[in-house]
$ cat entry.cif   # mmCIF, C-alpha atoms
data_input
#
loop_
_atom_site.label_atom_id
_atom_site.label_comp_id
_atom_site.auth_asym_id
_atom_site.auth_seq_id
_atom_site.Cartn_x
_atom_site.Cartn_y
_atom_site.Cartn_z
CA MET A 1 5.67 21.88 20.78
CA GLY A 2 4.08 18.62 19.82
CA ILE A 3 0.76 20.10 20.85
CA VAL A 4 1.20 23.06 18.53
CA LEU A 5 2.24 20.90 15.60
CA ARG A 6 -0.60 18.47 16.10
CA ALA A 7 -3.14 21.26 16.40
CA LEU A 8 -1.68 22.95 13.32
CA ARG A 9 -1.88 19.76 11.34
CA GLN A 10 -5.47 19.26 12.33
CA LEU A 11 -6.17 22.86 11.47
CA ARG A 12 -4.72 22.35 8.03
CA GLU A 13 -6.96 19.36 7.51
CA LEU A 14 -10.03 21.09 8.87
CA ALA A 15 -9.54 24.67 7.71
CA VAL A 16 -11.04 24.42 4.25
CA PRO A 17 -14.19 22.45 5.09
CA ALA A 18 -14.72 24.55 8.22
CA LEU A 19 -14.30 27.96 6.65
CA LEU A 20 -16.02 27.20 3.37
CA PRO A 21 -19.65 27.64 4.52
CA GLY A 22 -18.83 31.02 6.03
CA LEU A 23 -17.01 32.21 2.92
CA VAL A 24 -19.76 30.97 0.65
CA THR A 25 -22.34 32.88 2.66
CA LEU A 26 -20.20 36.01 2.50
CA LEU A 27 -19.71 35.74 -1.25
CA ARG A 28 -23.37 35.12 -1.94
CA GLU A 29 -24.66 37.96 0.23
CA GLY A 30 -21.97 40.48 -0.64
CA PHE A 31 -19.68 42.20 1.82
CA ASP A 32 -21.84 44.45 3.99
CA LEU A 33 -22.46 44.52 7.71
CA SER A 34 -25.66 42.48 7.79
CA SER A 35 -24.20 39.70 5.70
CA LEU A 36 -21.15 39.69 7.94
CA ARG A 37 -23.46 39.09 10.87
CA ALA A 38 -25.16 36.26 9.03
CA ALA A 39 -21.81 34.74 8.19
CA SER A 40 -20.63 34.98 11.77
CA TRP A 41 -23.26 32.45 12.74
CA VAL A 42 -21.84 30.08 10.20
CA LEU A 43 -18.38 30.79 11.58
CA ILE A 44 -19.24 29.80 15.15
CA LEU A 45 -19.07 26.15 14.21
CA PRO A 46 -15.51 26.38 12.85
CA ALA A 47 -14.51 28.31 15.96
CA GLY A 48 -15.87 25.47 18.09
CA VAL A 49 -14.00 22.98 15.95
CA LEU A 50 -10.84 25.05 16.46
CA VAL A 51 -11.15 25.07 20.25
CA PHE A 52 -11.97 21.37 20.23
CA SER A 53 -9.00 20.49 18.06
CA VAL A 54 -6.61 22.45 20.28
CA LEU A 55 -7.93 20.72 23.39
CA TYR A 56 -7.82 17.38 21.62
CA GLY A 57 -4.23 18.08 20.56
CA ILE A 58 -3.19 18.81 24.15
CA LEU A 59 -4.85 15.66 25.42
CA ALA A 60 -3.46 13.50 22.62
CA TRP A 61 0.01 14.88 23.27
CA TYR A 62 -0.34 14.13 26.96
CA ARG A 63 -1.37 10.55 26.24
CA HIS A 64 1.28 9.89 23.59
CA THR A 65 4.42 8.49 25.24
CA TYR A 66 7.27 6.25 24.14
CA TRP A 67 10.18 4.62 25.88
CA VAL A 68 12.78 1.94 25.32
CA ALA A 69 12.64 -0.88 27.86
CA GLY A 70 15.33 -3.52 27.51
CA ALA A 71 15.12 -4.97 24.02
CA GLU A 72 11.71 -3.42 23.29
CA LEU A 73 10.28 -0.13 22.14
CA ARG A 74 7.01 0.70 23.88
CA VAL A 75 4.51 3.30 22.66
CA GLU A 76 1.31 4.37 24.36
CA GLN A 77 -1.30 6.53 22.70
CA GLY A 78 -4.99 7.27 22.28
CA ILE A 79 -7.68 9.09 24.21
CA LEU A 80 -10.87 7.14 23.59
CA ASN A 81 -9.28 4.20 21.87
CA ARG A 82 -6.18 3.48 23.90
CA LYS A 83 -3.34 1.57 22.40
CA GLN A 84 -0.12 0.21 23.84
CA ARG A 85 2.35 -1.08 21.32
CA ILE A 86 5.44 -3.16 21.94
CA ILE A 87 8.00 -3.64 19.19
CA PRO A 88 10.97 -5.94 19.81
CA ILE A 89 14.02 -3.96 18.64
CA GLU A 90 15.04 -7.10 16.77
CA ARG A 91 12.01 -6.56 14.48
CA ILE A 92 12.57 -2.90 13.62
CA GLN A 93 13.46 -2.51 9.95
CA ALA A 94 13.99 1.23 9.61
CA VAL A 95 14.15 4.38 11.69
CA ASP A 96 13.60 7.57 9.67
CA VAL A 97 14.35 10.96 11.13
CA SER A 98 13.11 13.89 9.04
CA GLN A 99 12.62 17.62 9.49
CA GLY A 100 10.03 19.69 7.68
CA VAL A 101 10.23 23.46 7.45
CA LEU A 102 8.16 24.03 10.59
CA GLN A 103 10.07 21.40 12.53
CA ARG A 104 13.41 22.90 11.48
CA LEU A 105 12.28 26.32 12.69
CA LEU A 106 11.42 24.88 16.11
CA GLY A 107 14.44 22.59 16.43
CA LEU A 108 12.29 19.48 16.21
CA ALA A 109 12.34 16.29 14.21
CA LYS A 110 9.87 13.67 13.11
CA VAL A 111 10.73 10.05 13.80
CA GLU A 112 9.13 7.21 11.88
CA ILE A 113 9.76 3.61 12.86
CA GLN A 114 8.92 0.77 10.51
CA THR A 115 8.69 -2.98 10.92
CA ALA A 116 8.16 -5.43 8.08
CA GLY A 117 4.94 -5.32 6.10
CA GLY A 118 2.37 -2.62 5.59
CA THR A 119 3.01 0.74 3.99
CA ALA A 120 2.37 3.08 6.91
CA PRO A 121 5.10 3.40 9.55
CA GLU A 122 4.19 1.53 12.75
CA VAL A 123 5.23 4.43 14.97
CA VAL A 124 5.14 8.12 14.02
CA LEU A 125 6.45 10.69 16.49
CA THR A 126 5.56 14.00 14.87
CA ALA A 127 7.55 16.31 17.09
CA VAL A 128 10.45 15.32 19.28
CA SER A 129 13.56 17.39 19.94
CA VAL A 130 16.47 16.70 17.59
CA ARG A 131 18.46 15.33 20.51
CA ALA A 132 15.71 12.98 21.63
CA ALA A 133 15.38 11.76 18.04
CA GLU A 134 19.09 11.02 17.84
CA GLU A 135 19.04 9.27 21.21
CA LEU A 136 16.11 7.12 20.12
CA ARG A 137 17.84 6.26 16.85
CA LEU A 138 20.94 5.15 18.71
CA ALA A 139 18.92 3.21 21.28
CA LEU A 140 17.13 1.31 18.51
CA ARG A 141 20.32 0.35 16.71
CA ARG A 142 20.35 -3.43 16.57
CA PRO A 143 23.27 -4.81 18.55
CA GLY A 144 25.70 -6.89 16.54
CA VAL A 145 24.39 -5.89 13.13
CA LEU A 146 26.43 -2.72 12.83
CA GLY A 147 29.48 -2.13 14.97
CA PRO A 148 29.48 0.99 17.10
CA VAL A 149 30.17 4.03 14.97
CA GLU A 150 32.97 6.22 16.29
CA ALA A 151 32.13 9.84 16.79
CA GLY A 152 34.67 10.98 14.19
CA ARG A 153 33.04 8.99 11.41
CA ALA A 154 30.05 11.27 11.10
CA GLY A 155 32.20 14.04 9.62
CA GLN A 156 33.63 11.68 7.01
CA GLU A 157 33.82 12.70 3.39
CA PRO A 158 30.65 11.56 1.61
CA ALA A 159 31.12 8.66 -0.78
CA ARG A 160 28.90 10.21 -3.40
CA ARG A 161 27.26 13.58 -3.76
CA LEU A 162 24.76 14.52 -6.43
CA SER A 163 26.33 17.25 -8.58
CA THR A 164 24.35 20.17 -9.93
CA GLN A 165 24.91 18.94 -13.46
CA ASP A 166 23.58 15.46 -12.66
CA LEU A 167 20.67 17.00 -10.83
CA LEU A 168 19.65 19.09 -13.82
CA LEU A 169 20.10 16.14 -16.15
CA ALA A 170 17.98 13.95 -13.90
CA GLY A 171 15.30 16.64 -13.83
CA ALA A 172 15.35 17.04 -17.60
CA THR A 173 14.93 13.30 -18.15
CA SER A 174 12.76 12.46 -15.17
CA GLY A 175 9.64 11.96 -17.26
CA ARG A 176 7.64 13.87 -14.71
CA ALA A 177 6.72 16.41 -17.35
CA GLY A 178 3.46 14.51 -17.77
CA VAL A 179 2.39 15.34 -14.24
CA ALA A 180 3.44 18.96 -14.63
CA LEU A 181 1.65 19.03 -17.99
CA SER A 182 -1.67 18.21 -16.40
CA LEU A 183 -1.01 20.89 -13.80
CA VAL A 184 -0.26 23.51 -16.45
CA GLY A 185 -3.27 22.35 -18.41
CA SER A 186 -5.65 22.75 -15.53
CA VAL A 187 -4.25 26.19 -14.68
CA MET A 188 -4.61 27.28 -18.32
CA SER A 189 -8.19 26.08 -18.49
CA LEU A 190 -8.91 28.06 -15.33
CA PHE A 191 -7.52 31.17 -17.01
CA ASP A 192 -9.43 30.37 -20.16
CA GLU A 193 -12.70 30.57 -18.29
CA ALA A 194 -11.71 33.69 -16.36
CA ILE A 195 -10.66 35.78 -19.37
CA PRO A 196 -13.58 37.26 -21.33
CA TRP A 197 -12.13 36.59 -24.77
CA GLU A 198 -14.89 38.30 -26.71
CA LYS A 199 -14.15 41.57 -24.95
CA VAL A 200 -10.44 41.55 -25.75
CA PRO A 201 -9.90 43.96 -28.67
CA LEU A 202 -7.38 43.56 -31.45
CA LEU A 203 -7.67 39.80 -31.57
CA PRO A 204 -6.65 38.91 -35.08
CA ASP A 205 -9.07 36.75 -37.01
CA HIS A 206 -6.58 34.05 -37.85
CA LEU A 207 -5.97 33.28 -34.16
CA GLY A 208 -7.56 29.87 -34.33
CA GLY A 209 -5.21 28.80 -37.12
CA PRO A 210 -3.01 25.70 -36.90
CA TRP A 211 0.18 27.64 -36.18
CA THR A 212 -1.33 29.34 -33.16
CA VAL A 213 -2.48 26.00 -31.77
CA LEU A 214 0.94 24.45 -32.35
CA GLY A 215 2.64 27.46 -30.76
CA ILE A 216 0.48 27.30 -27.67
CA ALA A 217 1.04 23.53 -27.37
CA ALA A 218 4.81 23.99 -27.62
CA PHE A 219 4.70 26.72 -25.00
CA VAL A 220 2.66 24.58 -22.62
CA ILE A 221 4.95 21.59 -23.02
CA ALA A 222 8.07 23.69 -22.49
CA LEU A 223 6.54 25.21 -19.36
CA ALA A 224 5.61 21.79 -17.99
CA TRP A 225 9.08 20.48 -18.67
CA LEU A 226 10.69 23.45 -16.88
CA LEU A 227 8.38 22.87 -13.92
CA SER A 228 9.38 19.22 -13.74
CA VAL A 229 13.07 20.12 -13.75
CA LEU A 230 12.41 22.61 -10.97
CA GLY A 231 10.50 19.98 -8.99
CA MET A 232 13.33 17.48 -9.29
CA VAL A 233 15.89 20.06 -8.20
CA LEU A 234 13.80 21.02 -5.18
CA ALA A 235 13.21 17.40 -4.21
CA HIS A 236 16.72 16.06 -4.49
CA ALA A 237 19.14 18.98 -4.06
CA GLY A 238 21.91 18.15 -1.63
CA PHE A 239 21.45 14.38 -1.88
CA THR A 240 24.50 12.65 -0.45
CA LEU A 241 25.35 9.03 0.15
CA ARG A 242 27.75 8.13 2.92
CA ARG A 243 29.30 4.84 3.95
CA GLU A 244 29.59 4.18 7.68
CA GLY A 245 31.37 1.44 9.52
CA MET B 1 3.41 -27.44 19.48
CA SER B 2 2.16 -30.88 18.52
CA SER B 3 3.39 -31.12 14.95
CA SER B 4 7.08 -30.48 15.04
CA PRO B 5 9.44 -31.40 12.21
CA VAL B 6 11.48 -34.50 13.01
CA ALA B 7 14.16 -36.14 10.91
CA ASP B 8 13.35 -39.72 9.83
CA GLY B 9 15.84 -42.52 9.20
CA ASP B 10 17.04 -41.17 5.85
CA GLY B 11 17.70 -37.77 7.29
CA ARG B 12 14.77 -36.20 5.45
CA LEU B 13 12.30 -34.02 7.26
CA ALA B 14 8.97 -35.64 8.03
CA LEU B 15 6.08 -33.86 9.70
CA ASP B 16 4.54 -35.44 12.76
CA LEU B 17 0.90 -34.96 11.84
CA ALA B 18 -0.79 -35.73 15.13
CA PRO B 19 -4.12 -33.87 15.22
CA ARG B 20 -3.77 -30.60 17.05
CA PRO B 21 -6.29 -30.24 19.87
CA GLU B 22 -8.58 -27.23 20.09
CA PRO B 23 -6.73 -24.35 21.77
CA PRO B 24 -7.58 -24.29 25.47
CA GLU B 25 -7.88 -20.60 26.40
CA ARG B 26 -11.21 -18.79 26.14
CA VAL B 27 -11.96 -15.11 25.79
CA ASP B 28 -13.09 -13.37 29.00
CA PRO B 29 -16.78 -14.06 29.87
CA ARG B 30 -17.43 -10.30 30.08
CA ALA B 31 -16.68 -10.18 26.36
CA LEU B 32 -20.18 -11.48 25.72
CA ARG B 33 -21.76 -8.46 27.39
CA ALA B 34 -19.38 -6.05 25.60
CA TRP B 35 -20.21 -7.59 22.22
CA GLN B 36 -23.93 -7.46 22.98
CA VAL B 37 -23.64 -3.76 23.80
CA SER B 38 -21.75 -2.95 20.63
CA GLY B 39 -24.19 -5.15 18.68
CA ALA B 40 -27.08 -3.20 20.20
CA ILE B 41 -25.44 0.09 19.21
CA SER B 42 -24.96 -0.95 15.60
CA ALA B 43 -28.49 -2.42 15.56
CA MET B 44 -29.93 0.90 16.77
CA THR B 45 -27.92 2.86 14.21
CA THR B 46 -29.05 0.58 11.41
CA LEU B 47 -32.65 0.83 12.58
CA VAL B 48 -32.54 4.63 12.57
CA VAL B 49 -31.02 4.66 9.09
CA ALA B 50 -33.61 2.14 7.88
CA LEU B 51 -36.43 4.27 9.29
CA ALA B 52 -35.02 7.34 7.58
CA VAL B 53 -34.79 5.46 4.29
CA ALA B 54 -38.38 4.29 4.73
CA ALA B 55 -39.60 7.82 5.46
CA VAL B 56 -37.86 9.24 2.39
CA ALA B 57 -39.10 6.38 0.22
CA TRP B 58 -42.66 6.89 1.42
CA ARG B 59 -42.44 10.64 0.80
CA LEU B 60 -41.21 9.94 -2.72
CA GLY B 61 -44.40 7.99 -3.33
CA LEU B 62 -43.36 4.41 -2.77
CA SER B 63 -46.22 2.17 -1.62
CA TRP B 64 -46.13 1.68 2.15
CA PRO B 65 -45.51 -2.09 2.24
CA LEU B 66 -42.38 -1.57 0.15
CA ALA B 67 -41.30 1.44 2.21
CA CYS B 68 -41.64 -0.58 5.42
CA LEU B 69 -39.30 -3.27 4.15
CA PRO B 70 -35.95 -1.80 5.33
CA PRO B 71 -37.04 -1.22 8.97
CA LEU B 72 -38.68 -4.66 9.07
CA LEU B 73 -35.46 -6.30 7.87
CA ALA B 74 -33.52 -4.34 10.47
CA ILE B 75 -35.89 -5.47 13.23
CA VAL B 76 -35.52 -9.09 12.13
CA ALA B 77 -31.72 -8.70 12.28
CA VAL B 78 -31.72 -7.27 15.83
CA PRO B 79 -31.88 -10.56 17.80
CA PHE B 80 -29.07 -11.97 15.70
CA TRP B 81 -26.91 -8.95 16.35
CA VAL B 82 -27.66 -8.55 20.03
CA TRP B 83 -28.15 -12.15 21.06
CA PHE B 84 -27.22 -14.95 18.73
CA ILE B 85 -24.00 -13.91 17.01
CA PRO B 86 -22.15 -12.73 20.16
CA ARG B 87 -23.00 -16.06 21.85
CA VAL B 88 -21.72 -18.24 19.04
CA ARG B 89 -18.74 -15.99 18.62
CA TRP B 90 -17.83 -16.26 22.27
CA ARG B 91 -18.26 -20.03 22.35
CA ARG B 92 -16.09 -20.44 19.25
CA TRP B 93 -13.25 -18.12 20.23
CA ARG B 94 -10.22 -20.03 21.54
CA TYR B 95 -6.54 -19.20 21.66
CA ALA B 96 -3.26 -20.60 22.88
CA VAL B 97 0.18 -19.03 23.14
CA SER B 98 3.19 -21.31 23.37
CA ASP B 99 6.88 -20.49 23.18
CA ARG B 100 6.94 -21.24 19.47
CA ASP B 101 3.61 -20.12 18.08
CA ILE B 102 0.26 -18.44 18.64
CA GLU B 103 -2.89 -20.34 17.77
CA LEU B 104 -6.28 -18.73 17.22
CA GLN B 105 -9.69 -20.22 16.49
CA GLN B 106 -12.60 -18.02 15.54
CA GLY B 107 -15.64 -17.70 13.30
CA VAL B 108 -19.41 -17.90 13.46
CA LEU B 109 -20.32 -19.61 10.21
CA ILE B 110 -16.84 -20.25 8.90
CA VAL B 111 -14.40 -21.44 11.52
CA THR B 112 -10.84 -20.22 11.03
CA ARG B 113 -7.84 -21.62 12.85
CA THR B 114 -4.72 -19.50 12.57
CA LEU B 115 -1.18 -20.38 13.54
CA ILE B 116 1.37 -17.60 13.83
CA PRO B 117 4.98 -18.68 14.34
CA MET B 118 6.62 -16.53 17.03
CA SER B 119 9.48 -15.74 14.69
CA ARG B 120 7.03 -13.99 12.34
CA VAL B 121 5.55 -11.60 14.90
CA GLN B 122 6.53 -8.00 14.18
CA HIS B 123 4.95 -6.18 17.08
CA VAL B 124 2.13 -6.52 19.61
CA ASP B 125 -0.54 -4.01 20.67
CA THR B 126 -3.13 -3.89 23.35
CA ARG B 127 -6.16 -1.85 22.38
CA GLN B 128 -9.06 -0.60 24.42
CA GLY B 129 -12.07 1.35 23.20
CA PRO B 130 -14.75 2.91 25.42
CA ILE B 131 -16.96 -0.20 25.57
CA LEU B 132 -14.11 -2.56 26.40
CA ARG B 133 -12.83 -0.13 29.02
CA HIS B 134 -16.21 -0.08 30.73
CA TYR B 135 -16.02 -3.84 31.20
CA GLY B 136 -12.34 -3.82 32.20
CA LEU B 137 -11.30 -5.56 29.00
CA ALA B 138 -8.68 -5.02 26.31
CA SER B 139 -7.78 -6.80 23.10
CA VAL B 140 -4.37 -7.96 21.97
CA ALA B 141 -3.39 -7.35 18.34
CA ILE B 142 -0.55 -9.34 16.84
CA ALA B 143 1.05 -7.86 13.74
CA THR B 144 2.86 -10.03 11.22
CA ALA B 145 4.31 -8.90 7.92
CA ALA B 146 1.10 -10.09 6.25
CA GLY B 147 -1.37 -8.32 8.51
CA THR B 148 -2.79 -8.05 11.98
CA LYS B 149 -4.67 -10.67 14.01
CA GLU B 150 -6.58 -9.75 17.12
CA ILE B 151 -7.53 -11.67 20.25
CA PRO B 152 -10.58 -9.69 21.38
CA ALA B 153 -11.75 -8.88 24.87
CA LEU B 154 -9.42 -10.30 27.48
CA ALA B 155 -9.30 -8.99 31.04
CA VAL B 156 -6.91 -6.02 31.10
CA GLU B 157 -4.34 -7.76 33.30
CA VAL B 158 -4.45 -10.89 31.13
CA ALA B 159 -4.10 -8.80 27.97
CA ASP B 160 -1.16 -6.82 29.33
CA ALA B 161 0.65 -9.95 30.49
CA LEU B 162 -0.02 -11.73 27.20
CA ARG B 163 1.24 -8.74 25.19
CA ASP B 164 4.45 -8.56 27.21
CA ARG B 165 4.97 -12.29 26.90
CA ILE B 166 4.45 -12.39 23.14
CA ALA B 167 6.75 -9.38 22.65
CA ALA B 168 9.48 -11.01 24.73
CA LEU B 169 9.12 -14.33 22.90
CA ALA B 170 9.04 -12.62 19.48
CA GLY B 171 12.17 -10.66 20.36
CA VAL B 172 14.23 -13.79 20.90
CA ALA B 173 12.60 -16.15 18.36
CA GLU B 174 14.90 -16.78 15.43
CA ASP B 175 13.85 -17.79 11.95
CA VAL B 176 13.76 -21.54 11.57
#
$ encode --input "entry.cif" --output "structure tokens"
Amino acid sequence: MGIVLRALRQLRELAVPALLPGLVTLLREGFDLSSLRAASWVLILPAGVLVFSVLYGILAWYRHTYWVAGAELRVEQGILNRKQRIIPIERIQAVDVSQGVLQRLLGLAKVEIQTAGGTAPEVVLTAVSVRAAEELRLALRRPGVLGPVEAGRAGQEPARRLSTQDLLLAGATSGRAGVALSLVGSVMSLFDEAIPWEKVPLLPDHLGGPWTVLGIAAFVIALAWLLSVLGMVLAHAGFTLRREG
Amino acid sequence: MSSSPVADGDGRLALDLAPRPEPPERVDPRALRAWQVSGAISAMTTLVVALAVAAVAWRLGLSWPLACLPPLLAIVAVPFWVWFIPRVRWRRWRYAVSDRDIELQQGVLIVTRTLIPMSRVQHVDTRQGPILRHYGLASVAIATAAGTKEIPALAVEVADALRDRIAALAGVAEDV
């Protein structure tokens, strides 16, 4: 599964630059048979890249191993540039287990392990089974810092859960409207170029007046604000805080 | 560790400032060859780029003495890259690993001596690229919260043993 995910991720990174030349050729020449043949030449390169990235993914997966030995986490990875990393468990600051949509579909999880310093996690395991992730998390628990957590505790009532009302309020006041505003603005300007205004009939003459401008501005701001609320809701729905031990 | 904190008569901490000797361990002798090879590769790349620049410049109507300048500079730099710098670098590189700290000395023009207390080591890597692998070498990278320091080009067995030792020492070292 790790192979598939890795290959997919590489595909996502490579797809646009790889397919672009082919598409550009197609668009320029028009869609007939001869141009399709011309474009196919340009598409051979992306196909090669695809095969290469799949092979590379398999090899990288094969070389990427981790295990806990005594009081250390050991990670080996790399094909050309080989790397073996040892992290004393004592030095691990955080273990994050997360599941994206694809990982949830496949019953996988992503594990990120951080030590002090730096922004990037020191170890990223893109695709391990949920069980392996949980086992690793337990194995990396620092002895003596937190007492062992009894099995029953996990089902404990959460100490704090974000209510829908709070969520909406947070969204409404998040101040992210600025970001959404620029998004709406760029989309509008795209539309502005695409619509042939001079060909639209029945455009009243006073359209450029101050009230129209104000109206459009209000509309844009309201739209951006709604988007930001939506973004906040999507990002933080179901947030719960739980005390353990 | 030659300068360890000791309490004087009044109970205050005084530092024993005996001069610390140069660290004893050297980088593997094969490192020289590995560095020369990688120096040669970057020299070749630079030369090709310089030639391309010269060709374009000449095509654009630059006078030929001016156009020849970049490749000439590159050619002058080659012996430094392939010969001189790797030698000085190898002679200067020293390291020592004790139970309490890691000491590094490096630099061609500017000599840097680094001390890393064991208790500040976050994790340890060994790394091996294609050139190092060809010569049976690997480097050891020591990560602290402030960044990563690397001991380049040790024999693979030495590098592996050193990595394991540092990791074990870092795991038990407490903050002082």
$ resolve_selection --input "entry.cif" --expression "the PyMOL selection byres ((chain A) within 10 of (chain B))" --output "PDB file with C-alpha atoms, in the coordinates of the input"
ATOM      1  CA  GLY A  70      15.330  -3.520  27.510  1.00  0.00           C
ATOM      2  CA  ALA A  71      15.120  -4.970  24.020  1.00  0.00           C
ATOM      3  CA  GLU A  72      11.710  -3.420  23.290  1.00  0.00           C
ATOM      4  CA  LEU A  73      10.280  -0.130  22.140  1.00  0.00           C
ATOM      5  CA  ARG A  74       7.010   0.700  23.880  1.00  0.00           C
ATOM      6  CA  VAL A  75       4.510   3.300  22.660  1.00  0.00           C
ATOM      7  CA  GLU A  76       1.310   4.370  24.360  1.00  0.00           C
ATOM      8  CA  GLN A  77      -1.300   6.530  22.700  1.00  0.00           C
ATOM      9  CA  GLY A  78      -4.990   7.270  22.280  1.00  0.00           C
ATOM     10  CA  ILE A  79      -7.680   9.090  24.210  1.00  0.00           C
ATOM     11  CA  LEU A  80     -10.870   7.140  23.590  1.00  0.00           C
ATOM     12  CA  ASN A  81      -9.280   4.200  21.870  1.00  0.00           C
ATOM     13  CA  ARG A  82      -6.180   3.480  23.900  1.00  0.00           C
ATOM     14  CA  LYS A  83      -3.340   1.570  22.400  1.00  0.00           C
ATOM     15  CA  GLN A  84      -0.120   0.210  23.840  1.00  0.00           C
ATOM     16  CA  ARG A  85       2.350  -1.080  21.320  1.00  0.00           C
ATOM     17  CA  ILE A  86       5.440  -3.160  21.940  1.00  0.00           C
ATOM     18  CA  ILE A  87       8.000  -3.640  19.190  1.00  0.00           C
ATOM     19  CA  PRO A  88      10.970  -5.940  19.810  1.00  0.00           C
ATOM     20  CA  ILE A  89      14.020  -3.960  18.640  1.00  0.00           C
ATOM     21  CA  GLU A  90      15.040  -7.100  16.770  1.00  0.00           C
ATOM     22  CA  ARG A  91      12.010  -6.560  14.480  1.00  0.00           C
ATOM     23  CA  ILE A  92      12.570  -2.900  13.620  1.00  0.00           C
ATOM     24  CA  GLN A  93      13.460  -2.510   9.950  1.00  0.00           C
ATOM     25  CA  GLN A 114       8.920   0.770  10.510  1.00  0.00           C
ATOM     26  CA  THR A 115       8.690  -2.980  10.920  1.00  0.00           C
ATOM     27  CA  ALA A 116       8.160  -5.430   8.080  1.00  0.00           C
ATOM     28  CA  GLY A 117       4.940  -5.320   6.100  1.00  0.00           C
ATOM     29  CA  GLY A 118       2.370  -2.620   5.590  1.00  0.00           C
ATOM     30  CA  GLU A 122       4.190   1.530  12.750  1.00  0.00           C
TER      31      GLU A 122
END
$ atom_distance --input "entry.cif" --atom1 "CA of Ser38 in chain B" --atom2 "CA of Val158 in chain B"
21.7 Å
$ atom_distance --input "entry.cif" --atom1 "CA of Arg100 in chain B" --atom2 "CA of Leu115 in chain B"
10.1 Å
$ atom_distance --input "entry.cif" --atom1 "CA of Ala153 in chain B" --atom2 "CA of Ala31 in chain B"
5.3 Å
$ closest_residue --input "entry.cif" --among "B:Ala77, B:Val49, B:Val56, B:Pro117" --to "Val97 in chain B" --atoms "all atoms listed in the file"
B:Pro117
$ closest_residue --input "entry.cif" --among "A:Ser186, A:Thr240, A:Ser53, A:Thr119" --to "Arg161 in chain A" --atoms "only C-alpha atoms"
A:Thr240
$ residues_around --input "entry.cif" --residues "Ala57 in chain B" --least-positions-apart "6" --cutoff "10 Å" --atoms "only C-alpha atoms" --output "list in words"
Leu51, Ser63, Trp64, Leu66, Ala67 and Cys68 of chain B
$ residues_around --input "entry.cif" --residues "Arg113 in chain B" --least-positions-apart "2" --cutoff "8 Å" --atoms "all atoms listed in the file" --output "list in words"
Glu103, Leu104, Gln105, Gln106, Val111 and Leu115 of chain B
